[in-house]
Amino acid sequence: MKKIAILLSGRGSNFIKIYENIRSGVITNAEISIVISNKPDAPGLIYAKNVGLNAIFVNPKDFGSRIEYDLHVISILNEIGIDLVCLAGYMRIITKDFVDAFPHKIINIHPSLLPSFPGLNSQRQALDYGVKFTGCTVHFVDEQVDHGAIILQEVVPVLDEDTEETLSNRILEKEHIIYSRAINLIVNDKICLKGRRVYILN
Ligand code: GAR
């Protein structure tokens, strides 16, 4: 059984979907061993506590730097023996120390077809640019923001009548599907990484 850590900062809908998919057997061979939030009142953290998961708030104010914060998180994850770290709406840029501590074991979901529209407000960026298709990406995390090797992507059309909210909602539906799919592939050793290319094994 692979041990998953979830890092989040907010609503936590991706985390909740992962949790449900583990419980229902859509994701096999995995358990959520810890949920960590950098925000005490993150709804995702509160949900995790309510369902009885090991869920903690790590206060950025208790640390002098981002590196010190991440070293603390690394020590928590190492103590548990975490196999996979899933960033799920974790709105902190993680340090090189963190990436180096878990090589190819940190993944993220992003609401655009990377490398288009990295950073914040990706759905707004897509609307402003006028693209006809956008989507979402699950990728390995490296030292650059929204940059690591791409595991899965899903395309979402941009409709004439779309607002940021309607587009975000339709992208989120796809996020909920591909994040669990990617996790299931990884924890069942169905992913092969060569350079930037990710191959899915049969
Ligand atoms: C999701 O749309 C996720 O793709 C995005 O934050 C949202 C979190 O929602 N992440 C990023 O933009 C990372 N660069 P959730 O808390 O309901 O899962």
# chains A, B, ... in the order shown; residues from 1 in each chain; ligands from 1
>>> residues_near_ligand(ligand="ligand 1", cutoff="9 Å", atoms="only C-alpha atoms and all ligand atoms", output="count of residues only")
41
>>> closest_atom_pairs(of="range 47-95 of chain A", to="range 18-37 of chain A", cutoff="10 Å", atoms="only C-alpha atoms", output="tab-separated table")
residue	atom	partner	partner_atom	distance
A:Ala48	CA	A:Val35	CA	7.0
A:Lys49	CA	A:Val35	CA	8.8
A:Val51	CA	A:Tyr19	CA	9.8
A:Leu53	CA	A:Ile34	CA	6.8
A:Asn54	CA	A:Ile34	CA	4.9
A:Ala55	CA	A:Val35	CA	4.5
A:Ile56	CA	A:Ile36	CA	5.1
A:Phe57	CA	A:Ser37	CA	4.9
A:Val58	CA	A:Ser37	CA	6.2
A:Asn59	CA	A:Ser37	CA	8.3
A:Pro60	CA	A:Ser37	CA	9.9
A:Val73	CA	A:Ile36	CA	8.4
A:Ile76	CA	A:Ile34	CA	9.2
A:Leu77	CA	A:Ile34	CA	8.2
A:Ile80	CA	A:Ser33	CA	7.6
A:Gly81	CA	A:Ser33	CA	9.2
A:Ile82	CA	A:Ser33	CA	7.6
A:Asp83	CA	A:Ala30	CA	9.4
A:Leu84	CA	A:Ala30	CA	9.5
A:Val85	CA	A:Ile34	CA	9.7
A:Cys86	CA	A:Val35	CA	9.6
A:Leu87	CA	A:Ile36	CA	9.8
A:Ala88	CA	A:Ile18	CA	9.8
A:Gly89	CA	A:Ser37	CA	9.9
A:Tyr90	CA	A:Ser37	CA	7.7
A:Met91	CA	A:Ser37	CA	9.7
>>> select_by_dssp(residues="range 1-171 of chain A", states="alpha helix (DSSP H)", output="PDB file with N, CA and C atoms, in the first residue's frame")
ATOM      1  N   SER A  13     -11.269  20.471  -3.219  1.00  0.00           N
ATOM      2  CA  SER A  13     -12.156  19.564  -3.970  1.00  0.00           C
ATOM      3  C   SER A  13     -11.359  18.455  -4.656  1.00  0.00           C
ATOM      4  N   ASN A  14     -10.159  18.757  -5.122  1.00  0.00           N
ATOM      5  CA  ASN A  14      -9.345  17.683  -5.719  1.00  0.00           C
ATOM      6  C   ASN A  14      -8.972  16.642  -4.665  1.00  0.00           C
ATOM      7  N   PHE A  15      -8.573  17.103  -3.487  1.00  0.00           N
ATOM      8  CA  PHE A  15      -8.261  16.168  -2.398  1.00  0.00           C
ATOM      9  C   PHE A  15      -9.471  15.296  -2.070  1.00  0.00           C
ATOM     10  N   ILE A  16     -10.658  15.933  -1.952  1.00  0.00           N
ATOM     11  CA  ILE A  16     -11.855  15.171  -1.561  1.00  0.00           C
ATOM     12  C   ILE A  16     -12.158  14.094  -2.606  1.00  0.00           C
ATOM     13  N   LYS A  17     -11.990  14.449  -3.878  1.00  0.00           N
ATOM     14  CA  LYS A  17     -12.234  13.459  -4.934  1.00  0.00           C
ATOM     15  C   LYS A  17     -11.243  12.301  -4.827  1.00  0.00           C
ATOM     16  N   ILE A  18      -9.995  12.625  -4.550  1.00  0.00           N
ATOM     17  CA  ILE A  18      -8.979  11.565  -4.382  1.00  0.00           C
ATOM     18  C   ILE A  18      -9.364  10.676  -3.197  1.00  0.00           C
ATOM     19  N   TYR A  19      -9.752  11.301  -2.108  1.00  0.00           N
ATOM     20  CA  TYR A  19     -10.170  10.556  -0.912  1.00  0.00           C
ATOM     21  C   TYR A  19     -11.331   9.618  -1.254  1.00  0.00           C
ATOM     22  N   GLU A  20     -12.355  10.162  -1.944  1.00  0.00           N
ATOM     23  CA  GLU A  20     -13.520   9.336  -2.308  1.00  0.00           C
ATOM     24  C   GLU A  20     -13.119   8.205  -3.242  1.00  0.00           C
ATOM     25  N   ASN A  21     -12.238   8.501  -4.166  1.00  0.00           N
ATOM     26  CA  ASN A  21     -11.845   7.472  -5.143  1.00  0.00           C
ATOM     27  C   ASN A  21     -10.991   6.378  -4.511  1.00  0.00           C
ATOM     28  N   ILE A  22     -10.263   6.706  -3.457  1.00  0.00           N
ATOM     29  CA  ILE A  22      -9.548   5.656  -2.720  1.00  0.00           C
ATOM     30  C   ILE A  22     -10.560   4.785  -1.977  1.00  0.00           C
ATOM     31  N   ARG A  23     -11.513   5.440  -1.335  1.00  0.00           N
ATOM     32  CA  ARG A  23     -12.523   4.684  -0.567  1.00  0.00           C
ATOM     33  C   ARG A  23     -13.355   3.770  -1.455  1.00  0.00           C
ATOM     34  N   PRO A  43     -10.916  24.834   3.983  1.00  0.00           N
ATOM     35  CA  PRO A  43     -12.011  23.853   4.033  1.00  0.00           C
ATOM     36  C   PRO A  43     -11.530  22.413   3.796  1.00  0.00           C
ATOM     37  N   GLY A  44     -10.522  22.255   2.959  1.00  0.00           N
ATOM     38  CA  GLY A  44      -9.976  20.910   2.716  1.00  0.00           C
ATOM     39  C   GLY A  44      -9.385  20.298   3.979  1.00  0.00           C
ATOM     40  N   LEU A  45      -8.723  21.116   4.780  1.00  0.00           N
ATOM     41  CA  LEU A  45      -8.128  20.635   6.042  1.00  0.00           C
ATOM     42  C   LEU A  45      -9.232  20.245   7.027  1.00  0.00           C
ATOM     43  N   ILE A  46     -10.258  21.083   7.084  1.00  0.00           N
ATOM     44  CA  ILE A  46     -11.376  20.803   8.007  1.00  0.00           C
ATOM     45  C   ILE A  46     -12.088  19.510   7.597  1.00  0.00           C
ATOM     46  N   TYR A  47     -12.287  19.334   6.282  1.00  0.00           N
ATOM     47  CA  TYR A  47     -12.906  18.097   5.788  1.00  0.00           C
ATOM     48  C   TYR A  47     -12.062  16.890   6.213  1.00  0.00           C
ATOM     49  N   ALA A  48     -10.747  17.005   6.007  1.00  0.00           N
ATOM     50  CA  ALA A  48      -9.850  15.887   6.328  1.00  0.00           C
ATOM     51  C   ALA A  48      -9.946  15.514   7.805  1.00  0.00           C
ATOM     52  N   LYS A  49      -9.989  16.529   8.656  1.00  0.00           N
ATOM     53  CA  LYS A  49     -10.119  16.252  10.102  1.00  0.00           C
ATOM     54  C   LYS A  49     -11.457  15.586  10.394  1.00  0.00           C
ATOM     55  N   ASN A  50     -12.510  16.086   9.753  1.00  0.00           N
ATOM     56  CA  ASN A  50     -13.853  15.551  10.018  1.00  0.00           C
ATOM     57  C   ASN A  50     -14.000  14.093   9.620  1.00  0.00           C
ATOM     58  N   ARG A  66      11.218  30.081   3.837  1.00  0.00           N
ATOM     59  CA  ARG A  66      10.526  29.014   3.092  1.00  0.00           C
ATOM     60  C   ARG A  66      11.285  27.705   3.218  1.00  0.00           C
ATOM     61  N   ILE A  67      12.620  27.799   3.226  1.00  0.00           N
ATOM     62  CA  ILE A  67      13.426  26.578   3.336  1.00  0.00           C
ATOM     63  C   ILE A  67      13.177  25.894   4.686  1.00  0.00           C
ATOM     64  N   GLU A  68      13.190  26.690   5.752  1.00  0.00           N
ATOM     65  CA  GLU A  68      12.947  26.105   7.084  1.00  0.00           C
ATOM     66  C   GLU A  68      11.564  25.457   7.150  1.00  0.00           C
ATOM     67  N   TYR A  69      10.585  26.126   6.550  1.00  0.00           N
ATOM     68  CA  TYR A  69       9.222  25.562   6.519  1.00  0.00           C
ATOM     69  C   TYR A  69       9.236  24.219   5.801  1.00  0.00           C
ATOM     70  N   ASP A  70       9.841  24.221   4.620  1.00  0.00           N
ATOM     71  CA  ASP A  70       9.837  22.986   3.826  1.00  0.00           C
ATOM     72  C   ASP A  70      10.635  21.880   4.507  1.00  0.00           C
ATOM     73  N   LEU A  71      11.732  22.233   5.185  1.00  0.00           N
ATOM     74  CA  LEU A  71      12.514  21.197   5.884  1.00  0.00           C
ATOM     75  C   LEU A  71      11.671  20.534   6.968  1.00  0.00           C
ATOM     76  N   HIS A  72      10.854  21.337   7.604  1.00  0.00           N
ATOM     77  CA  HIS A  72       9.957  20.780   8.624  1.00  0.00           C
ATOM     78  C   HIS A  72       8.942  19.822   7.985  1.00  0.00           C
ATOM     79  N   VAL A  73       8.341  20.271   6.877  1.00  0.00           N
ATOM     80  CA  VAL A  73       7.365  19.413   6.180  1.00  0.00           C
ATOM     81  C   VAL A  73       8.050  18.132   5.699  1.00  0.00           C
ATOM     82  N   ILE A  74       9.253  18.265   5.155  1.00  0.00           N
ATOM     83  CA  ILE A  74       9.999  17.087   4.690  1.00  0.00           C
ATOM     84  C   ILE A  74      10.189  16.094   5.840  1.00  0.00           C
ATOM     85  N   SER A  75      10.544  16.616   7.015  1.00  0.00           N
ATOM     86  CA  SER A  75      10.801  15.711   8.146  1.00  0.00           C
ATOM     87  C   SER A  75       9.520  14.974   8.554  1.00  0.00           C
ATOM     88  N   ILE A  76       8.389  15.666   8.489  1.00  0.00           N
ATOM     89  CA  ILE A  76       7.101  15.008   8.802  1.00  0.00           C
ATOM     90  C   ILE A  76       6.836  13.897   7.784  1.00  0.00           C
ATOM     91  N   LEU A  77       7.047  14.212   6.518  1.00  0.00           N
ATOM     92  CA  LEU A  77       6.742  13.233   5.453  1.00  0.00           C
ATOM     93  C   LEU A  77       7.696  12.040   5.523  1.00  0.00           C
ATOM     94  N   ASN A  78       8.958  12.314   5.833  1.00  0.00           N
ATOM     95  CA  ASN A  78       9.935  11.224   5.926  1.00  0.00           C
ATOM     96  C   ASN A  78       9.649  10.306   7.106  1.00  0.00           C
ATOM     97  N   GLU A  79       9.201  10.892   8.180  1.00  0.00           N
ATOM     98  CA  GLU A  79       8.893  10.083   9.363  1.00  0.00           C
ATOM     99  C   GLU A  79       7.797   9.058   9.054  1.00  0.00           C
ATOM    100  N   ILE A  80       6.839   9.482   8.218  1.00  0.00           N
ATOM    101  CA  ILE A  80       5.727   8.585   7.852  1.00  0.00           C
ATOM    102  C   ILE A  80       6.168   7.598   6.769  1.00  0.00           C
ATOM    103  N   LYS A  96      13.656  24.098  -3.662  1.00  0.00           N
ATOM    104  CA  LYS A  96      14.495  23.057  -4.284  1.00  0.00           C
ATOM    105  C   LYS A  96      14.763  21.925  -3.289  1.00  0.00           C
ATOM    106  N   ASP A  97      14.918  22.288  -2.008  1.00  0.00           N
ATOM    107  CA  ASP A  97      15.156  21.256  -0.982  1.00  0.00           C
ATOM    108  C   ASP A  97      14.014  20.240  -0.964  1.00  0.00           C
ATOM    109  N   PHE A  98      12.801  20.747  -1.100  1.00  0.00           N
ATOM    110  CA  PHE A  98      11.626  19.866  -1.084  1.00  0.00           C
ATOM    111  C   PHE A  98      11.645  18.958  -2.319  1.00  0.00           C
ATOM    112  N   VAL A  99      11.867  19.566  -3.476  1.00  0.00           N
ATOM    113  CA  VAL A  99      11.889  18.784  -4.723  1.00  0.00           C
ATOM    114  C   VAL A  99      12.983  17.711  -4.647  1.00  0.00           C
ATOM    115  N   ASP A 100      14.152  18.095  -4.135  1.00  0.00           N
ATOM    116  CA  ASP A 100      15.281  17.148  -4.061  1.00  0.00           C
ATOM    117  C   ASP A 100      15.023  16.025  -3.056  1.00  0.00           C
ATOM    118  N   ALA A 101      14.217  16.325  -2.035  1.00  0.00           N
ATOM    119  CA  ALA A 101      13.945  15.316  -1.001  1.00  0.00           C
ATOM    120  C   ALA A 101      13.025  14.208  -1.521  1.00  0.00           C
ATOM    121  N   SER A 122      -5.202  30.919 -14.135  1.00  0.00           N
ATOM    122  CA  SER A 122      -4.983  30.331 -15.465  1.00  0.00           C
ATOM    123  C   SER A 122      -6.240  30.360 -16.321  1.00  0.00           C
ATOM    124  N   GLN A 123      -7.395  30.195 -15.679  1.00  0.00           N
ATOM    125  CA  GLN A 123      -8.645  30.205 -16.453  1.00  0.00           C
ATOM    126  C   GLN A 123      -8.902  31.614 -16.999  1.00  0.00           C
ATOM    127  N   ARG A 124      -8.620  32.646 -16.176  1.00  0.00           N
ATOM    128  CA  ARG A 124      -8.756  34.046 -16.617  1.00  0.00           C
ATOM    129  C   ARG A 124      -7.767  34.322 -17.763  1.00  0.00           C
ATOM    130  N   GLN A 125      -6.544  33.806 -17.595  1.00  0.00           N
ATOM    131  CA  GLN A 125      -5.534  33.984 -18.647  1.00  0.00           C
ATOM    132  C   GLN A 125      -6.013  33.392 -19.969  1.00  0.00           C
ATOM    133  N   ALA A 126      -6.641  32.208 -19.892  1.00  0.00           N
ATOM    134  CA  ALA A 126      -7.114  31.538 -21.113  1.00  0.00           C
ATOM    135  C   ALA A 126      -8.211  32.361 -21.781  1.00  0.00           C
ATOM    136  N   LEU A 127      -9.141  32.868 -20.973  1.00  0.00           N
ATOM    137  CA  LEU A 127     -10.220  33.696 -21.532  1.00  0.00           C
ATOM    138  C   LEU A 127      -9.652  34.966 -22.153  1.00  0.00           C
ATOM    139  N   ASP A 128      -8.744  35.622 -21.448  1.00  0.00           N
ATOM    140  CA  ASP A 128      -8.189  36.889 -21.940  1.00  0.00           C
ATOM    141  C   ASP A 128      -7.396  36.684 -23.230  1.00  0.00           C
ATOM    142  N   TYR A 129      -6.726  35.530 -23.318  1.00  0.00           N
ATOM    143  CA  TYR A 129      -5.932  35.273 -24.517  1.00  0.00           C
ATOM    144  C   TYR A 129      -6.822  34.940 -25.717  1.00  0.00           C
ATOM    145  N   GLU A 164     -15.270  33.318 -16.232  1.00  0.00           N
ATOM    146  CA  GLU A 164     -14.190  32.648 -15.506  1.00  0.00           C
ATOM    147  C   GLU A 164     -14.761  31.515 -14.645  1.00  0.00           C
ATOM    148  N   GLU A 165     -15.936  31.774 -14.079  1.00  0.00           N
ATOM    149  CA  GLU A 165     -16.538  30.777 -13.180  1.00  0.00           C
ATOM    150  C   GLU A 165     -16.998  29.536 -13.943  1.00  0.00           C
ATOM    151  N   THR A 166     -17.700  29.730 -15.053  1.00  0.00           N
ATOM    152  CA  THR A 166     -18.218  28.548 -15.774  1.00  0.00           C
ATOM    153  C   THR A 166     -17.063  27.742 -16.356  1.00  0.00           C
ATOM    154  N   LEU A 167     -16.065  28.443 -16.881  1.00  0.00           N
ATOM    155  CA  LEU A 167     -14.915  27.724 -17.443  1.00  0.00           C
ATOM    156  C   LEU A 167     -14.168  26.970 -16.338  1.00  0.00           C
ATOM    157  N   SER A 168     -13.962  27.645 -15.204  1.00  0.00           N
ATOM    158  CA  SER A 168     -13.249  27.000 -14.089  1.00  0.00           C
ATOM    159  C   SER A 168     -13.983  25.749 -13.632  1.00  0.00           C
ATOM    160  N   ASN A 169     -15.305  25.830 -13.575  1.00  0.00           N
ATOM    161  CA  ASN A 169     -16.089  24.677 -13.124  1.00  0.00           C
ATOM    162  C   ASN A 169     -15.955  23.499 -14.080  1.00  0.00           C
ATOM    163  N   ARG A 170     -15.971  23.797 -15.397  1.00  0.00           N
ATOM    164  CA  ARG A 170     -15.852  22.682 -16.354  1.00  0.00           C
ATOM    165  C   ARG A 170     -14.446  22.098 -16.342  1.00  0.00           C
ATOM    166  N   ILE A 171     -13.444  22.953 -16.144  1.00  0.00           N
ATOM    167  CA  ILE A 171     -12.074  22.425 -16.025  1.00  0.00           C
ATOM    168  C   ILE A 171     -11.956  21.563 -14.765  1.00  0.00           C
TER     169      ILE A 171
END
>>> select_by_dssp(residues="range 5-188 of chain A", states="strand (DSSP E)", output="VMD selection string")
chain A and resid 5 to 8 30 to 37 55 to 57 84 to 87 106 to 110 133 to 140 150 to 157
>>> atom_distance(atom1="CA of Pro40 in chain A", atom2="CA of Ile177 in chain A")
27.1 Å
>>> residues_around(residues="Leu159 in chain A", least_positions_apart="2", cutoff="10 Å", atoms="only C-alpha atoms", output="ChimeraX atom specification")
/A:127,131-133,156-157,161-163,166-167
>>> write_last_selection(atoms="all heavy atoms", output="short mmCIF file (atom, residue, chain, number, x, y, z; two decimals), in the first residue's frame")
data_model
loop_
_atom_site.label_atom_id
_atom_site.label_comp_id
_atom_site.auth_asym_id
_atom_site.auth_seq_id
_atom_site.Cartn_x
_atom_site.Cartn_y
_atom_site.Cartn_z
N LEU A 127 -9.14 32.87 -20.97
CA LEU A 127 -10.22 33.70 -21.53
C LEU A 127 -9.65 34.97 -22.15
O LEU A 127 -10.02 35.35 -23.27
CB LEU A 127 -11.22 34.07 -20.43
CG LEU A 127 -12.19 32.96 -19.99
CD1 LEU A 127 -12.96 33.41 -18.76
CD2 LEU A 127 -13.15 32.60 -21.12
N VAL A 131 -8.08 31.74 -26.32
CA VAL A 131 -7.91 30.38 -26.84
C VAL A 131 -9.27 29.70 -26.95
O VAL A 131 -10.21 30.04 -26.23
CB VAL A 131 -6.97 29.53 -25.94
CG1 VAL A 131 -5.55 30.02 -26.00
CG2 VAL A 131 -7.47 29.49 -24.50
N LYS A 132 -9.37 28.77 -27.89
CA LYS A 132 -10.62 28.02 -28.08
C LYS A 132 -10.66 26.75 -27.23
O LYS A 132 -11.71 26.16 -27.03
CB LYS A 132 -10.80 27.66 -29.56
CG LYS A 132 -10.86 28.88 -30.48
CD LYS A 132 -12.04 29.78 -30.14
CE LYS A 132 -12.14 30.95 -31.11
NZ LYS A 132 -13.11 31.96 -30.64
N PHE A 133 -9.49 26.31 -26.83
CA PHE A 133 -9.41 25.13 -25.97
C PHE A 133 -8.42 25.40 -24.85
O PHE A 133 -7.37 25.99 -25.08
CB PHE A 133 -8.93 23.89 -26.75
CG PHE A 133 -9.91 23.42 -27.78
CD1 PHE A 133 -9.83 23.89 -29.09
CD2 PHE A 133 -10.92 22.54 -27.44
CE1 PHE A 133 -10.74 23.47 -30.05
CE2 PHE A 133 -11.83 22.11 -28.40
CZ PHE A 133 -11.75 22.59 -29.71
N VAL A 156 -10.43 21.02 -22.53
CA VAL A 156 -11.76 21.58 -22.27
C VAL A 156 -11.99 22.72 -23.27
O VAL A 156 -11.17 23.64 -23.34
CB VAL A 156 -11.86 22.13 -20.82
CG1 VAL A 156 -13.19 22.84 -20.58
CG2 VAL A 156 -11.65 21.02 -19.81
N PRO A 157 -13.09 22.67 -24.04
CA PRO A 157 -13.35 23.78 -24.97
C PRO A 157 -13.75 25.05 -24.23
O PRO A 157 -14.38 24.99 -23.18
CB PRO A 157 -14.52 23.26 -25.82
CG PRO A 157 -15.11 22.13 -25.07
CD PRO A 157 -14.09 21.61 -24.11
N GLU A 161 -19.92 31.87 -24.41
CA GLU A 161 -20.63 32.44 -23.25
C GLU A 161 -19.89 32.21 -21.94
O GLU A 161 -20.38 32.58 -20.86
CB GLU A 161 -22.06 31.86 -23.16
CG GLU A 161 -22.15 30.35 -23.04
CD GLU A 161 -22.17 29.61 -24.38
OE1 GLU A 161 -21.66 30.16 -25.38
OE2 GLU A 161 -22.67 28.47 -24.41
N ASP A 162 -18.70 31.61 -21.99
CA ASP A 162 -18.00 31.28 -20.75
C ASP A 162 -17.61 32.52 -19.96
O ASP A 162 -17.15 33.52 -20.51
CB ASP A 162 -16.71 30.49 -21.05
CG ASP A 162 -16.90 28.99 -20.88
OD1 ASP A 162 -17.79 28.59 -20.10
OD2 ASP A 162 -16.16 28.24 -21.53
N THR A 163 -17.79 32.41 -18.64
CA THR A 163 -17.19 33.35 -17.70
C THR A 163 -16.05 32.60 -17.03
O THR A 163 -15.90 31.38 -17.21
CB THR A 163 -18.20 33.78 -16.63
OG1 THR A 163 -18.59 32.59 -15.90
CG2 THR A 163 -19.43 34.42 -17.24
N THR A 166 -17.70 29.73 -15.05
CA THR A 166 -18.22 28.55 -15.77
C THR A 166 -17.06 27.74 -16.36
O THR A 166 -17.07 26.51 -16.31
CB THR A 166 -19.20 28.95 -16.90
OG1 THR A 166 -18.52 29.80 -17.85
CG2 THR A 166 -20.42 29.66 -16.34
N LEU A 167 -16.07 28.44 -16.88
CA LEU A 167 -14.91 27.72 -17.44
C LEU A 167 -14.17 26.97 -16.34
O LEU A 167 -13.80 25.79 -16.50
CB LEU A 167 -13.98 28.71 -18.16
CG LEU A 167 -12.74 28.09 -18.79
CD1 LEU A 167 -13.12 27.05 -19.85
CD2 LEU A 167 -11.86 29.18 -19.42
#
>>> closest_residue(among="A:Ile191, A:Ile151, A:Ile94, A:Leu201", to="Asn38 in chain A", atoms="only C-alpha atoms")
A:Ile94
>>> decode(residues="range 177-201 of chain A", atoms="N, CA and C atoms", output="PDB file, in the first residue's frame")
ATOM      1  N   ILE A 177     -11.109  14.053 -12.500  1.00  0.00           N
ATOM      2  CA  ILE A 177     -10.934  12.751 -13.160  1.00  0.00           C
ATOM      3  C   ILE A 177      -9.458  12.443 -13.361  1.00  0.00           C
ATOM      4  N   ILE A 178      -8.711  13.395 -13.935  1.00  0.00           N
ATOM      5  CA  ILE A 178      -7.332  13.030 -14.322  1.00  0.00           C
ATOM      6  C   ILE A 178      -6.381  12.982 -13.137  1.00  0.00           C
ATOM      7  N   TYR A 179      -6.688  13.722 -12.057  1.00  0.00           N
ATOM      8  CA  TYR A 179      -5.758  13.650 -10.920  1.00  0.00           C
ATOM      9  C   TYR A 179      -5.793  12.243 -10.307  1.00  0.00           C
ATOM     10  N   SER A 180      -6.993  11.722 -10.129  1.00  0.00           N
ATOM     11  CA  SER A 180      -7.100  10.362  -9.576  1.00  0.00           C
ATOM     12  C   SER A 180      -6.506   9.337 -10.538  1.00  0.00           C
ATOM     13  N   ARG A 181      -6.745   9.549 -11.825  1.00  0.00           N
ATOM     14  CA  ARG A 181      -6.204   8.600 -12.817  1.00  0.00           C
ATOM     15  C   ARG A 181      -4.680   8.582 -12.749  1.00  0.00           C
ATOM     16  N   ALA A 182      -4.082   9.759 -12.660  1.00  0.00           N
ATOM     17  CA  ALA A 182      -2.610   9.845 -12.605  1.00  0.00           C
ATOM     18  C   ALA A 182      -2.079   9.193 -11.330  1.00  0.00           C
ATOM     19  N   ILE A 183      -2.743   9.457 -10.218  1.00  0.00           N
ATOM     20  CA  ILE A 183      -2.301   8.854  -8.949  1.00  0.00           C
ATOM     21  C   ILE A 183      -2.380   7.333  -9.040  1.00  0.00           C
ATOM     22  N   ASN A 184      -3.496   6.845  -9.589  1.00  0.00           N
ATOM     23  CA  ASN A 184      -3.661   5.394  -9.697  1.00  0.00           C
ATOM     24  C   ASN A 184      -2.556   4.768 -10.553  1.00  0.00           C
ATOM     25  N   LEU A 185      -2.186   5.453 -11.624  1.00  0.00           N
ATOM     26  CA  LEU A 185      -1.097   4.949 -12.471  1.00  0.00           C
ATOM     27  C   LEU A 185       0.219   4.924 -11.697  1.00  0.00           C
ATOM     28  N   ILE A 186       0.504   5.980 -10.971  1.00  0.00           N
ATOM     29  CA  ILE A 186       1.793   6.071 -10.267  1.00  0.00           C
ATOM     30  C   ILE A 186       1.887   5.033  -9.153  1.00  0.00           C
ATOM     31  N   VAL A 187       0.857   4.939  -8.336  1.00  0.00           N
ATOM     32  CA  VAL A 187       0.949   4.030  -7.179  1.00  0.00           C
ATOM     33  C   VAL A 187       0.922   2.562  -7.617  1.00  0.00           C
ATOM     34  N   ASN A 188       0.495   2.327  -8.847  1.00  0.00           N
ATOM     35  CA  ASN A 188       0.516   0.957  -9.360  1.00  0.00           C
ATOM     36  C   ASN A 188       1.662   0.735 -10.355  1.00  0.00           C
ATOM     37  N   ASP A 189       2.665   1.607 -10.282  1.00  0.00           N
ATOM     38  CA  ASP A 189       3.904   1.488 -11.072  1.00  0.00           C
ATOM     39  C   ASP A 189       3.653   1.377 -12.572  1.00  0.00           C
ATOM     40  N   LYS A 190       2.718   2.198 -13.058  1.00  0.00           N
ATOM     41  CA  LYS A 190       2.381   2.161 -14.489  1.00  0.00           C
ATOM     42  C   LYS A 190       2.936   3.369 -15.240  1.00  0.00           C
ATOM     43  N   ILE A 191       3.863   4.072 -14.631  1.00  0.00           N
ATOM     44  CA  ILE A 191       4.413   5.278 -15.244  1.00  0.00           C
ATOM     45  C   ILE A 191       5.912   5.098 -15.438  1.00  0.00           C
ATOM     46  N   CYS A 192       6.371   5.463 -16.629  1.00  0.00           N
ATOM     47  CA  CYS A 192       7.812   5.419 -16.899  1.00  0.00           C
ATOM     48  C   CYS A 192       8.237   6.799 -17.387  1.00  0.00           C
ATOM     49  N   LEU A 193       9.234   7.374 -16.753  1.00  0.00           N
ATOM     50  CA  LEU A 193       9.674   8.731 -17.071  1.00  0.00           C
ATOM     51  C   LEU A 193      11.016   8.682 -17.782  1.00  0.00           C
ATOM     52  N   LYS A 194      11.068   9.236 -19.009  1.00  0.00           N
ATOM     53  CA  LYS A 194      12.337   9.326 -19.735  1.00  0.00           C
ATOM     54  C   LYS A 194      12.516  10.776 -20.147  1.00  0.00           C
ATOM     55  N   GLY A 195      13.456  11.468 -19.497  1.00  0.00           N
ATOM     56  CA  GLY A 195      13.592  12.898 -19.749  1.00  0.00           C
ATOM     57  C   GLY A 195      12.321  13.597 -19.327  1.00  0.00           C
ATOM     58  N   ARG A 196      11.771  14.391 -20.256  1.00  0.00           N
ATOM     59  CA  ARG A 196      10.502  15.060 -19.938  1.00  0.00           C
ATOM     60  C   ARG A 196       9.300  14.212 -20.320  1.00  0.00           C
ATOM     61  N   ARG A 197       9.537  13.079 -20.956  1.00  0.00           N
ATOM     62  CA  ARG A 197       8.385  12.321 -21.467  1.00  0.00           C
ATOM     63  C   ARG A 197       7.940  11.243 -20.506  1.00  0.00           C
ATOM     64  N   VAL A 198       6.635  11.208 -20.309  1.00  0.00           N
ATOM     65  CA  VAL A 198       6.049  10.218 -19.406  1.00  0.00           C
ATOM     66  C   VAL A 198       5.320   9.198 -20.277  1.00  0.00           C
ATOM     67  N   TYR A 199       5.661   7.927 -20.075  1.00  0.00           N
ATOM     68  CA  TYR A 199       5.020   6.840 -20.808  1.00  0.00           C
ATOM     69  C   TYR A 199       4.130   6.056 -19.849  1.00  0.00           C
ATOM     70  N   ILE A 200       2.951   5.698 -20.351  1.00  0.00           N
ATOM     71  CA  ILE A 200       2.035   4.901 -19.523  1.00  0.00           C
ATOM     72  C   ILE A 200       2.172   3.445 -19.936  1.00  0.00           C
ATOM     73  N   LEU A 201       2.480   2.601 -18.969  1.00  0.00           N
ATOM     74  CA  LEU A 201       2.730   1.194 -19.239  1.00  0.00           C
ATOM     75  C   LEU A 201       1.422   0.421 -19.226  1.00  0.00           C
TER      76      LEU A 201
END
